[in-house]
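Enquirer: upload.cif is the file, holding mmCIF, C-alpha atoms:
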data_target
#
loop_
_atom_site.group_PDB
_atom_site.id
_atom_site.type_symbol
_atom_site.label_atom_id
_atom_site.label_comp_id
_atom_site.auth_asym_id
_atom_site.auth_seq_id
_atom_site.Cartn_x
_atom_site.Cartn_y
_atom_site.Cartn_z
ATOM 1 C CA MET A 1 28.299 47.462 -1.713
ATOM 2 C CA GLN A 2 25.643 45.224 -0.182
ATOM 3 C CA GLN A 3 23.294 43.561 -2.663
ATOM 4 C CA ALA A 4 19.557 44.198 -2.079
ATOM 5 C CA PHE A 5 17.159 41.303 -1.587
ATOM 6 C CA ALA A 6 14.767 40.646 -4.453
ATOM 7 C CA SER A 7 11.299 41.940 -3.634
ATOM 8 C CA LYS A 8 7.848 42.195 -5.188
ATOM 9 C CA PRO A 9 4.843 44.355 -4.289
ATOM 10 C CA ILE A 10 2.073 42.411 -2.552
ATOM 11 C CA GLU A 11 -1.081 41.532 -4.473
ATOM 12 C CA ASP A 12 -4.561 40.780 -3.217
ATOM 13 C CA SER A 13 -4.677 37.482 -5.089
ATOM 14 C CA VAL A 14 -6.480 35.309 -2.519
ATOM 15 C CA ALA A 15 -10.187 34.890 -3.300
ATOM 16 C CA LYS A 16 -12.462 36.616 -0.769
ATOM 17 C CA VAL A 17 -15.646 35.452 0.908
ATOM 18 C CA ASN A 18 -18.442 38.039 0.886
ATOM 19 C CA ASP A 19 -15.830 40.440 -0.413
ATOM 20 C CA GLU A 20 -14.340 40.838 3.037
ATOM 21 C CA VAL A 21 -12.280 37.832 4.194
ATOM 22 C CA ALA A 22 -9.456 36.541 2.031
ATOM 23 C CA VAL A 23 -9.823 32.749 2.323
ATOM 24 C CA GLY A 24 -9.001 31.285 -1.066
ATOM 25 C CA GLU A 25 -11.852 28.783 -0.903
ATOM 26 C CA ASP A 26 -12.515 26.768 -4.052
ATOM 27 C CA ILE A 27 -15.770 24.934 -3.434
ATOM 28 C CA GLU A 28 -16.011 23.614 -6.993
ATOM 29 C CA PHE A 29 -12.628 21.954 -6.630
ATOM 30 C CA GLN A 30 -13.681 20.608 -3.232
ATOM 31 C CA ARG A 31 -16.844 19.044 -4.688
ATOM 32 C CA LYS A 32 -14.745 17.286 -7.308
ATOM 33 C CA TRP A 33 -12.316 16.185 -4.616
ATOM 34 C CA TRP A 34 -15.111 14.644 -2.494
ATOM 35 C CA LYS A 35 -16.186 12.610 -5.536
ATOM 36 C CA PHE A 36 -12.579 11.509 -6.115
ATOM 37 C CA GLU A 37 -12.212 10.673 -2.403
ATOM 38 C CA LYS A 38 -15.328 8.506 -2.583
ATOM 39 C CA GLY A 39 -13.908 6.707 -5.631
ATOM 40 C CA VAL A 40 -10.603 6.069 -3.849
ATOM 41 C CA TRP A 41 -12.347 4.586 -0.800
ATOM 42 C CA ILE A 42 -14.463 2.345 -3.027
ATOM 43 C CA LEU A 43 -11.242 1.224 -4.747
ATOM 44 C CA PHE A 44 -9.512 0.624 -1.397
ATOM 45 C CA THR A 45 -12.487 -1.436 -0.180
ATOM 46 C CA LEU A 46 -12.448 -3.443 -3.401
ATOM 47 C CA ILE A 47 -8.712 -4.099 -3.016
ATOM 48 C CA LEU A 48 -9.275 -5.389 0.529
ATOM 49 C CA LEU A 49 -12.148 -7.653 -0.558
ATOM 50 C CA LEU A 50 -10.088 -9.053 -3.446
ATOM 51 C CA ASP A 51 -7.190 -9.578 -1.060
ATOM 52 C CA LEU A 52 -9.431 -11.421 1.407
ATOM 53 C CA ALA A 53 -10.561 -13.668 -1.449
ATOM 54 C CA GLY A 54 -6.936 -14.374 -2.334
ATOM 55 C CA VAL A 55 -6.709 -12.599 -5.703
ATOM 56 C CA PHE A 56 -3.366 -11.163 -4.576
ATOM 57 C CA GLY A 57 -2.214 -14.436 -3.015
ATOM 58 C CA ARG A 58 -2.481 -16.068 0.416
ATOM 59 C CA GLY A 59 -6.206 -16.855 0.105
ATOM 60 C CA TRP A 60 -8.560 -19.572 -1.096
ATOM 61 C CA LEU A 61 -8.640 -18.266 -4.686
ATOM 62 C CA SER A 62 -4.868 -18.540 -4.929
ATOM 63 C CA LYS A 63 -4.752 -22.213 -3.936
ATOM 64 C CA GLN A 64 -4.573 -24.724 -6.750
ATOM 65 C CA GLU A 65 -4.247 -28.465 -7.137
ATOM 66 C CA LYS A 66 -3.104 -30.260 -10.273
ATOM 67 C CA ALA A 67 -2.606 -33.954 -10.871
ATOM 68 C CA ALA A 68 -0.642 -35.773 -13.542
ATOM 69 C CA GLN A 69 -2.946 -37.574 -15.988
ATOM 70 C CA ASP A 70 -1.469 -40.957 -15.078
ATOM 71 C CA GLY A 71 -1.974 -40.309 -11.364
ATOM 72 C CA SER A 72 1.729 -40.468 -10.518
ATOM 73 C CA ILE A 73 1.732 -37.141 -8.693
ATOM 74 C CA ASP A 74 -0.673 -34.571 -7.383
ATOM 75 C CA VAL A 75 0.664 -31.054 -6.722
ATOM 76 C CA LYS A 76 -0.904 -28.583 -4.307
ATOM 77 C CA TYR A 77 0.511 -25.104 -4.748
ATOM 78 C CA GLU A 78 -0.372 -21.418 -4.772
ATOM 79 C CA ARG A 79 -0.936 -20.059 -8.278
ATOM 80 C CA ILE A 80 -0.510 -16.525 -6.926
ATOM 81 C CA GLU A 81 2.535 -16.025 -4.761
ATOM 82 C CA ARG A 82 4.061 -12.943 -3.170
ATOM 83 C CA THR A 83 7.669 -11.802 -3.378
ATOM 84 C CA SER A 84 9.761 -12.897 -0.366
ATOM 85 C CA THR A 85 6.727 -14.525 1.254
ATOM 86 C CA PRO A 86 7.044 -18.186 2.291
ATOM 87 C CA SER A 87 4.587 -20.780 1.009
ATOM 88 C CA ILE A 88 4.415 -24.552 0.832
ATOM 89 C CA MET A 89 4.089 -26.716 -2.268
ATOM 90 C CA THR A 90 2.988 -30.269 -1.511
ATOM 91 C CA ILE A 91 3.556 -33.167 -3.889
ATOM 92 C CA ASN A 92 1.583 -36.324 -3.188
ATOM 93 C CA PHE A 93 2.784 -39.491 -4.873
ATOM 94 C CA GLY A 94 0.551 -42.126 -6.371
ATOM 95 C CA ASP A 95 1.242 -45.877 -6.249
ATOM 96 C CA SER A 96 2.814 -45.831 -9.714
ATOM 97 C CA ALA A 97 5.448 -43.302 -8.587
ATOM 98 C CA ILE A 98 7.007 -45.598 -5.995
ATOM 99 C CA ARG A 99 9.343 -48.199 -7.472
ATOM 100 C CA ASP A 100 11.736 -50.474 -5.570
ATOM 101 C CA GLY A 101 11.210 -48.660 -2.270
ATOM 102 C CA GLN A 102 12.114 -45.278 -3.662
ATOM 103 C CA VAL A 103 10.634 -42.384 -5.557
ATOM 104 C CA LYS A 104 12.385 -40.095 -8.012
ATOM 105 C CA LEU A 105 11.162 -36.567 -8.583
ATOM 106 C CA TYR A 106 12.285 -34.152 -11.267
ATOM 107 C CA VAL A 107 11.658 -30.420 -10.727
ATOM 108 C CA SER A 108 12.467 -27.683 -13.226
ATOM 109 C CA GLU A 109 15.170 -25.164 -12.401
ATOM 110 C CA SER A 110 12.582 -22.379 -12.105
ATOM 111 C CA LEU A 111 11.214 -24.001 -8.962
ATOM 112 C CA VAL A 112 14.616 -23.802 -7.353
ATOM 113 C CA LYS A 113 15.749 -20.427 -8.697
ATOM 114 C CA GLU A 114 12.768 -18.157 -9.440
ATOM 115 C CA LEU A 115 10.310 -19.638 -6.974
ATOM 116 C CA ALA A 116 13.295 -20.116 -4.654
ATOM 117 C CA ALA A 117 12.721 -23.490 -3.007
ATOM 118 C CA GLN A 118 14.357 -22.946 0.386
ATOM 119 C CA ARG A 119 14.164 -26.517 1.609
ATOM 120 C CA VAL A 120 12.665 -29.896 0.825
ATOM 121 C CA VAL A 121 10.938 -31.952 3.512
ATOM 122 C CA PRO A 122 11.915 -34.743 3.931
ATOM 123 C CA ALA A 123 15.497 -34.173 2.869
ATOM 124 C CA PRO A 124 16.210 -36.161 -0.314
ATOM 125 C CA GLN A 125 18.738 -38.975 -0.320
ATOM 126 C CA THR A 126 20.384 -37.530 -3.425
ATOM 127 C CA ALA A 127 19.917 -34.577 -5.724
ATOM 128 C CA ILE A 128 21.183 -34.821 -9.297
ATOM 129 C CA VAL A 129 21.602 -31.728 -11.431
ATOM 130 C CA GLY A 130 20.806 -31.869 -15.156
ATOM 131 C CA GLN A 131 18.190 -31.632 -17.938
ATOM 132 C CA GLY A 132 17.314 -28.090 -16.878
ATOM 133 C CA GLY A 133 16.438 -29.019 -13.336
ATOM 134 C CA LEU A 134 17.058 -31.288 -10.398
ATOM 135 C CA THR A 135 16.148 -34.924 -9.831
ATOM 136 C CA TYR A 136 15.632 -35.862 -6.202
ATOM 137 C CA LEU A 137 15.618 -39.372 -4.817
ATOM 138 C CA PHE A 138 13.564 -40.202 -1.720
ATOM 139 C CA PRO A 139 13.247 -43.567 0.035
ATOM 140 C CA ALA A 140 9.537 -44.536 0.118
ATOM 141 C CA SER A 141 7.662 -47.512 1.561
ATOM 142 C CA GLY A 142 4.207 -46.909 0.027
ATOM 143 C CA THR A 143 1.307 -44.499 -0.291
ATOM 144 C CA PRO A 144 0.229 -42.101 1.070
ATOM 145 C CA ALA A 145 3.576 -40.383 0.548
ATOM 146 C CA SER A 146 4.287 -36.718 0.064
ATOM 147 C CA VAL A 147 7.107 -34.208 -0.218
ATOM 148 C CA GLU A 148 6.946 -30.534 0.654
ATOM 149 C CA PHE A 149 8.865 -27.657 -0.905
ATOM 150 C CA ALA A 150 9.153 -24.435 1.086
ATOM 151 C CA LEU A 151 9.082 -21.645 -1.517
ATOM 152 C CA GLU A 152 9.969 -17.975 -1.176
ATOM 153 C CA PRO A 153 9.893 -16.234 -4.600
ATOM 154 C CA THR A 154 12.702 -13.796 -5.189
ATOM 155 C CA GLY A 155 10.940 -11.285 -7.442
ATOM 156 C CA PRO A 156 7.634 -10.458 -9.148
ATOM 157 C CA GLY A 157 6.586 -11.885 -12.522
ATOM 158 C CA LEU A 158 4.993 -14.876 -14.197
ATOM 159 C CA ARG A 159 6.893 -18.104 -13.404
ATOM 160 C CA HIS A 160 6.498 -21.520 -14.975
ATOM 161 C CA PHE A 161 7.372 -24.798 -13.319
ATOM 162 C CA LEU A 162 7.369 -28.448 -14.300
ATOM 163 C CA ILE A 163 7.375 -31.438 -11.965
ATOM 164 C CA ARG A 164 7.308 -35.124 -12.838
ATOM 165 C CA VAL A 165 8.333 -38.558 -11.784
ATOM 166 C CA PRO A 166 10.801 -39.625 -14.507
ATOM 167 C CA GLY A 167 8.982 -41.799 -17.041
ATOM 168 C CA SER A 168 5.549 -40.491 -16.014
ATOM 169 C CA GLN A 169 3.287 -37.604 -17.012
ATOM 170 C CA ALA A 170 4.368 -34.133 -15.887
ATOM 171 C CA VAL A 171 2.503 -31.454 -13.999
ATOM 172 C CA GLN A 172 3.288 -27.993 -15.240
ATOM 173 C CA ALA A 173 1.758 -24.677 -14.335
ATOM 174 C CA ASP A 174 2.246 -20.937 -14.170
ATOM 175 C CA VAL A 175 2.608 -19.026 -10.945
ATOM 176 C CA LEU A 176 2.044 -15.278 -10.780
ATOM 177 C CA VAL A 177 4.347 -13.683 -8.235
ATOM 178 C CA MET A 178 2.992 -10.401 -6.882
ATOM 179 C CA PRO A 179 5.386 -7.570 -5.909
ATOM 180 C CA MET B 1 17.663 0.185 -6.814
ATOM 181 C CA TYR B 2 14.489 -1.569 -5.577
ATOM 182 C CA THR B 3 14.636 0.383 -2.334
ATOM 183 C CA ILE B 4 14.525 3.695 -4.204
ATOM 184 C CA VAL B 5 11.588 2.556 -6.374
ATOM 185 C CA HIS B 6 9.758 1.183 -3.319
ATOM 186 C CA ALA B 7 10.420 4.379 -1.353
ATOM 187 C CA ILE B 8 9.042 6.554 -4.179
ATOM 188 C CA LEU B 9 5.966 4.356 -4.660
ATOM 189 C CA GLY B 10 5.462 4.209 -0.887
ATOM 190 C CA TYR B 11 5.711 7.996 -0.637
ATOM 191 C CA PHE B 12 2.992 8.590 -3.230
ATOM 192 C CA PHE B 13 0.758 5.821 -1.897
ATOM 193 C CA LEU B 14 1.062 7.247 1.608
ATOM 194 C CA LEU B 15 0.405 10.751 0.295
ATOM 195 C CA LEU B 16 -2.800 9.554 -1.378
ATOM 196 C CA THR B 17 -3.970 7.589 1.667
ATOM 197 C CA VAL B 18 -3.331 10.412 4.111
ATOM 198 C CA ARG B 19 -4.928 12.924 1.743
ATOM 199 C CA VAL B 20 -8.154 10.942 1.392
ATOM 200 C CA LEU B 21 -8.290 10.393 5.154
ATOM 201 C CA SER B 22 -9.664 13.949 5.214
ATOM 202 C CA ARG B 23 -8.777 16.846 7.467
ATOM 203 C CA ARG B 24 -9.707 16.713 11.095
ATOM 204 C CA PRO B 25 -10.568 19.694 13.276
ATOM 205 C CA GLY B 26 -7.669 20.656 15.504
ATOM 206 C CA ALA B 27 -4.142 20.830 14.179
ATOM 207 C CA GLN B 28 -2.674 18.531 16.847
ATOM 208 C CA LEU B 29 -2.585 14.773 16.572
ATOM 209 C CA THR B 30 -4.834 12.785 18.870
ATOM 210 C CA LEU B 31 -3.800 9.375 20.256
ATOM 211 C CA PHE B 32 -6.125 7.830 17.672
ATOM 212 C CA GLU B 33 -4.169 9.508 14.874
ATOM 213 C CA PHE B 34 -0.850 8.499 16.407
ATOM 214 C CA VAL B 35 -1.987 4.899 15.909
ATOM 215 C CA ILE B 36 -2.612 5.574 12.200
ATOM 216 C CA VAL B 37 0.712 7.376 11.705
ATOM 217 C CA PHE B 38 2.837 4.736 13.445
ATOM 218 C CA LEU B 39 1.003 1.784 11.948
ATOM 219 C CA ILE B 40 1.113 3.058 8.356
ATOM 220 C CA GLY B 41 4.734 4.164 8.800
ATOM 221 C CA GLY B 42 5.727 0.792 10.238
ATOM 222 C CA VAL B 43 4.017 -1.170 7.473
ATOM 223 C CA ILE B 44 5.406 0.907 4.608
ATOM 224 C CA ILE B 45 8.972 0.607 5.905
ATOM 225 C CA LEU B 46 8.768 -3.195 5.674
ATOM 226 C CA SER B 47 8.244 -3.158 1.923
ATOM 227 C CA THR B 48 10.639 -0.250 1.427
ATOM 228 C CA VAL B 49 13.782 -1.781 2.900
ATOM 229 C CA GLY B 50 12.775 -5.446 2.565
ATOM 230 C CA ASN B 51 15.278 -7.892 4.007
ATOM 231 C CA ASP B 52 18.204 -5.524 3.505
ATOM 232 C CA ARG B 53 18.469 -3.730 6.826
ATOM 233 C CA SER B 54 21.904 -2.274 6.209
ATOM 234 C CA ILE B 55 22.658 1.363 6.965
ATOM 235 C CA THR B 56 23.356 1.882 3.254
ATOM 236 C CA ASN B 57 19.883 0.682 2.285
ATOM 237 C CA CYS B 58 18.091 2.631 5.021
ATOM 238 C CA ALA B 59 20.061 5.789 4.187
ATOM 239 C CA THR B 60 19.136 5.366 0.508
ATOM 240 C CA ALA B 61 15.460 5.044 1.411
ATOM 241 C CA ILE B 62 15.577 8.152 3.625
ATOM 242 C CA ILE B 63 17.345 10.188 0.945
ATOM 243 C CA ALA B 64 14.837 9.025 -1.704
ATOM 244 C CA VAL B 65 11.873 10.044 0.470
ATOM 245 C CA GLY B 66 13.548 13.357 1.363
ATOM 246 C CA LEU B 67 14.192 14.156 -2.300
ATOM 247 C CA MET B 68 10.639 13.204 -3.271
ATOM 248 C CA HIS B 69 9.292 15.508 -0.583
ATOM 249 C CA ARG B 70 11.445 18.349 -1.809
ATOM 250 C CA PHE B 71 10.437 17.660 -5.414
ATOM 251 C CA VAL B 72 6.722 17.637 -4.562
ATOM 252 C CA THR B 73 7.120 20.859 -2.548
ATOM 253 C CA TRP B 74 8.815 22.484 -5.559
ATOM 254 C CA LEU B 75 6.026 21.269 -7.864
ATOM 255 C CA LYS B 76 3.438 22.708 -5.465
ATOM 256 C CA SER B 77 5.124 26.092 -5.551
ATOM 257 C CA LYS B 78 5.077 26.041 -9.358
ATOM 258 C CA SER B 79 1.506 24.821 -9.746
ATOM 259 C CA PRO B 80 -1.279 26.190 -7.505
ATOM 260 C CA ARG B 81 -3.555 23.460 -8.908
ATOM 261 C CA LEU B 82 -1.201 20.742 -7.660
ATOM 262 C CA GLY B 83 -1.058 22.574 -4.330
ATOM 263 C CA ARG B 84 -4.854 22.329 -4.121
ATOM 264 C CA ILE B 85 -4.733 18.621 -4.930
ATOM 265 C CA ILE B 86 -2.077 17.829 -2.328
ATOM 266 C CA ASP B 87 -3.036 20.220 0.474
ATOM 267 C CA GLY B 88 -6.644 21.085 -0.355
ATOM 268 C CA THR B 89 -8.043 24.598 0.032
ATOM 269 C CA PRO B 90 -9.352 26.465 3.073
ATOM 270 C CA LEU B 91 -13.097 25.944 3.492
ATOM 271 C CA VAL B 92 -15.682 28.200 5.101
ATOM 272 C CA LEU B 93 -17.647 26.331 7.776
ATOM 273 C CA LEU B 94 -19.672 29.201 9.189
ATOM 274 C CA LYS B 95 -20.530 32.410 7.399
ATOM 275 C CA ASN B 96 -22.555 35.307 8.810
ATOM 276 C CA GLY B 97 -24.498 33.235 11.312
ATOM 277 C CA GLU B 98 -25.085 30.280 8.992
ATOM 278 C CA TYR B 99 -23.439 26.893 9.089
ATOM 279 C CA GLN B 100 -22.238 25.786 5.656
ATOM 280 C CA LEU B 101 -23.775 22.330 5.882
ATOM 281 C CA GLU B 102 -22.404 20.926 2.602
ATOM 282 C CA VAL B 103 -18.845 21.664 3.723
ATOM 283 C CA MET B 104 -19.423 20.493 7.303
ATOM 284 C CA ARG B 105 -20.911 17.207 6.148
ATOM 285 C CA GLY B 106 -18.190 16.712 3.537
ATOM 286 C CA MET B 107 -15.435 17.339 6.065
ATOM 287 C CA ARG B 108 -17.242 15.509 8.900
ATOM 288 C CA ILE B 109 -17.172 18.514 11.182
ATOM 289 C CA ASP B 110 -19.739 19.195 13.930
ATOM 290 C CA PRO B 111 -20.839 22.546 15.365
ATOM 291 C CA GLU B 112 -19.059 21.427 18.566
ATOM 292 C CA ASP B 113 -15.743 21.433 16.694
ATOM 293 C CA ILE B 114 -16.333 25.034 15.603
ATOM 294 C CA MET B 115 -17.265 26.100 19.104
ATOM 295 C CA ALA B 116 -14.186 24.306 20.494
ATOM 296 C CA ALA B 117 -12.034 26.397 18.143
ATOM 297 C CA GLY B 118 -14.005 29.502 19.185
ATOM 298 C CA ARG B 119 -13.348 28.897 22.870
ATOM 299 C CA THR B 120 -9.597 28.905 22.255
ATOM 300 C CA LYS B 121 -10.092 32.477 20.955
ATOM 301 C CA GLY B 122 -12.159 33.486 23.994
ATOM 302 C CA VAL B 123 -15.468 33.302 22.132
ATOM 303 C CA GLU B 124 -18.340 32.539 24.514
ATOM 304 C CA SER B 125 -21.192 31.962 22.069
ATOM 305 C CA VAL B 126 -21.508 30.737 18.497
ATOM 306 C CA PHE B 127 -23.385 33.968 17.741
ATOM 307 C CA ASP B 128 -20.106 35.836 18.311
ATOM 308 C CA ILE B 129 -18.481 33.997 15.383
ATOM 309 C CA LYS B 130 -18.711 35.715 12.029
ATOM 310 C CA TYR B 131 -16.551 33.293 10.064
ATOM 311 C CA ALA B 132 -15.160 29.872 10.884
ATOM 312 C CA ILE B 133 -12.652 28.613 8.349
ATOM 313 C CA LEU B 134 -11.193 25.137 8.128
ATOM 314 C CA GLU B 135 -7.550 25.683 7.199
ATOM 315 C CA ARG B 136 -5.399 23.400 5.050
ATOM 316 C CA ASN B 137 -3.549 22.080 8.116
ATOM 317 C CA GLY B 138 -6.834 21.044 9.758
ATOM 318 C CA SER B 139 -7.099 23.893 12.259
ATOM 319 C CA ILE B 140 -10.215 26.094 12.431
ATOM 320 C CA SER B 141 -9.682 29.860 12.246
ATOM 321 C CA ILE B 142 -12.274 32.043 13.934
ATOM 322 C CA ILE B 143 -13.136 35.602 12.965
ATOM 323 C CA GLN B 144 -15.307 37.194 15.585
ATOM 324 C CA ALA B 145 -18.397 39.251 14.859
ATOM 325 C CA GLU B 146 -18.225 42.900 15.826
ATOM 326 C CA ARG B 147 -20.528 43.841 18.680
#
With the file now loaded, output its structure as structure tokens.
Expert:
Amino acid sequence: MQQAFASKPIEDSVAKVNDEVAVGEDIEFQRKWWKFEKGVWILFTLILLLDLAGVFGRGWLSKQEKAAQDGSIDVKYERIERTSTPSIMTINFGDSAIRDGQVKLYVSESLVKELAAQRVVPAPQTAIVGQGGLTYLFPASGTPASVEFALEPTGPGLRHFLIRVPGSQAVQADVLVMP
Amino acid sequence: MYTIVHAILGYFFLLLTVRVLSRRPGAQLTLFEFVIVFLIGGVIILSTVGNDRSITNCATAIIAVGLMHRFVTWLKSKSPRLGRIIDGTPLVLLKNGEYQLEVMRGMRIDPEDIMAAGRTKGVESVFDIKYAILERNGSISIIQAER
């Protein structure tokens, strides 16, 4: 025997306008929605303005410069980075950093792993692993001299890095990586 | 893992953005709206799949979005309130010879839009329209006045 389809008697449940047209209008809800809509657009505008200022990275507010107290290095970096987005960290060396025609630079492992340094320009002569980081050796003739790290953070979060010329003051800072 | 999370977040963010864009008279997309749809779609896909452009990753993203859509549809059927939030409610634009100005201003609809909908029903004058209703899909329904 064939099974009957489930059924239900119809109901006049849709609200009527002027008691004649079933529309289902809910003007009170709509008024609330317009207020919410206005709030969302204000929020969206605010997000864009903050983004233009660099609060979410890639703007003038995100740029930062820190120097070692003894003047051995000066680091220009972005304190707010974005996941998988390239950026450049520039390290300028002071006179005291260059010894015997070369400069050594220690960077913490977080710079290589979490902030994902893709390449170093110029290429270092040697790179020695140890002490929780890497020590690069660059030939140098005198100041001004600088090295650039191309970064591309792998994931969001707060990252900490430390950079120093061995035997000199360190520069350390936090970088917030946005999703 | 990240693709699924990104796809779900992207789905809800897109839902919110499209919802607050407000309904437009006429159920068909104009060229202007095609720009919005393609641009938003193109941008959201970048963060959804990231650098992993494998078929596996793309298929995962599509399945995640499909399941979210089905889940939201199910929720809508269970909760009329959620249905109102996601789809809105029909709104009366013209009632017994009077424009409902609060609704028209709120939905950015002009008398010309109502008359355009009326013409598709063979209405020659706005006086022949008894009710004009902005439907949830953005079309305008016309109920003609009896002569």
Enquirer: Under the PyMOL selection byres ((chain A and resi 89) around 12), which residues of this model are included? Write them out as an NGL selection string.
Expert: :A and (63-66 or 74-79 or 81 or 86-88 or 90-92 or 107 or 111 or 115-121 or 146-152 or 161 or 163 or 175)
Enquirer: For A:Val165, work out the shell of residues within 8 Å, counting all atoms listed in the file and skipping chain neighbours fewer than 2 positions away, then give it as JSON, numbers by chain.
Expert: {"A": [72, 73, 97, 103, 104, 105, 106, 163, 167, 168, 169, 170]}
Enquirer: Please write the residues picked by the PyMOL selection byres ((chain A) within 8 of (chain B)) on this file as a PDB file with C-alpha atoms, in the coordinates of the input.
Expert:
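Output saved as out-v5.pdb:
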ATOM      1  CA  VAL A  23      -9.823  32.749   2.323  1.00  0.00           C
ATOM      2  CA  GLY A  24      -9.001  31.285  -1.066  1.00  0.00           C
ATOM      3  CA  GLU A  25     -11.852  28.783  -0.903  1.00  0.00           C
ATOM      4  CA  ASP A  26     -12.515  26.768  -4.052  1.00  0.00           C
ATOM      5  CA  ILE A  27     -15.770  24.934  -3.434  1.00  0.00           C
ATOM      6  CA  GLN A  30     -13.681  20.608  -3.232  1.00  0.00           C
ATOM      7  CA  TRP A  33     -12.316  16.185  -4.616  1.00  0.00           C
ATOM      8  CA  TRP A  34     -15.111  14.644  -2.494  1.00  0.00           C
ATOM      9  CA  GLU A  37     -12.212  10.673  -2.403  1.00  0.00           C
ATOM     10  CA  VAL A  40     -10.603   6.069  -3.849  1.00  0.00           C
ATOM     11  CA  TRP A  41     -12.347   4.586  -0.800  1.00  0.00           C
TER      12      TRP A  41
END
Enquirer: Got a sec: who's within 9 Å of A:Thr154, counting all atoms listed in the file, leaving out chain neighbours fewer than 3 positions off, as a list in words?
Expert: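 What passes the distance filter is Arg82, Thr83, Ser84, Thr85, Lys113, Glu114, Leu115, Ala116 and Val177 of chain A.
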Enquirer: Expressed in Å to a single decimal, how great is the separation between atom CA of B:Tyr99 and atom CA of B:Pro80?
Expert: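 Atom CA of B:Tyr99 sits 27.7 Å away from atom CA of B:Pro80.
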Enquirer: The PyMOL selection byres ((chain B and resi 5) around 12) - which residues does that actually catch in the file I just gave you? List them as a PDB file with C-alpha atoms, in the frame of the given file.
Expert:
ATOM      1  CA  PRO A 179       5.386  -7.570  -5.909  1.00  0.00           C
TER       2      PRO A 179
ATOM      3  CA  MET B   1      17.663   0.185  -6.814  1.00  0.00           C
ATOM      4  CA  TYR B   2      14.489  -1.569  -5.577  1.00  0.00           C
ATOM      5  CA  THR B   3      14.636   0.383  -2.334  1.00  0.00           C
ATOM      6  CA  ILE B   4      14.525   3.695  -4.204  1.00  0.00           C
ATOM      7  CA  HIS B   6       9.758   1.183  -3.319  1.00  0.00           C
ATOM      8  CA  ALA B   7      10.420   4.379  -1.353  1.00  0.00           C
ATOM      9  CA  ILE B   8       9.042   6.554  -4.179  1.00  0.00           C
ATOM     10  CA  LEU B   9       5.966   4.356  -4.660  1.00  0.00           C
ATOM     11  CA  GLY B  10       5.462   4.209  -0.887  1.00  0.00           C
ATOM     12  CA  TYR B  11       5.711   7.996  -0.637  1.00  0.00           C
ATOM     13  CA  PHE B  12       2.992   8.590  -3.230  1.00  0.00           C
ATOM     14  CA  SER B  47       8.244  -3.158   1.923  1.00  0.00           C
ATOM     15  CA  THR B  48      10.639  -0.250   1.427  1.00  0.00           C
ATOM     16  CA  VAL B  49      13.782  -1.781   2.900  1.00  0.00           C
ATOM     17  CA  THR B  60      19.136   5.366   0.508  1.00  0.00           C
ATOM     18  CA  ALA B  61      15.460   5.044   1.411  1.00  0.00           C
ATOM     19  CA  ALA B  64      14.837   9.025  -1.704  1.00  0.00           C
ATOM     20  CA  VAL B  65      11.873  10.044   0.470  1.00  0.00           C
ATOM     21  CA  MET B  68      10.639  13.204  -3.271  1.00  0.00           C
TER      22      MET B  68
END
Enquirer: Rounded to one decimal, what separation in Å do you get between atom CA of B:Ala117 and atom CA of A:Lys16?
Expert: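 About the pair atom CA of B:Ala117 and atom CA of A:Lys16: they are 21.5 Å apart.
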Enquirer: Give me the box for stretch 3-18 of chain A as JSON, namely the centre and edge lengths in Å to one decimal of a box along x, y and z that holds every listed atom plus 4 Å on each side.
Expert:
{"center_x": 2.4, "center_y": 39.6, "center_z": -2.1, "size_x": 49.7, "size_y": 17.5, "size_z": 14.1}
Enquirer: Between atom CA of B:Ile40 and atom CA of B:Leu14, what distance in Å does the model show, to one decimal?
Expert: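 The value is 7.9 Å.
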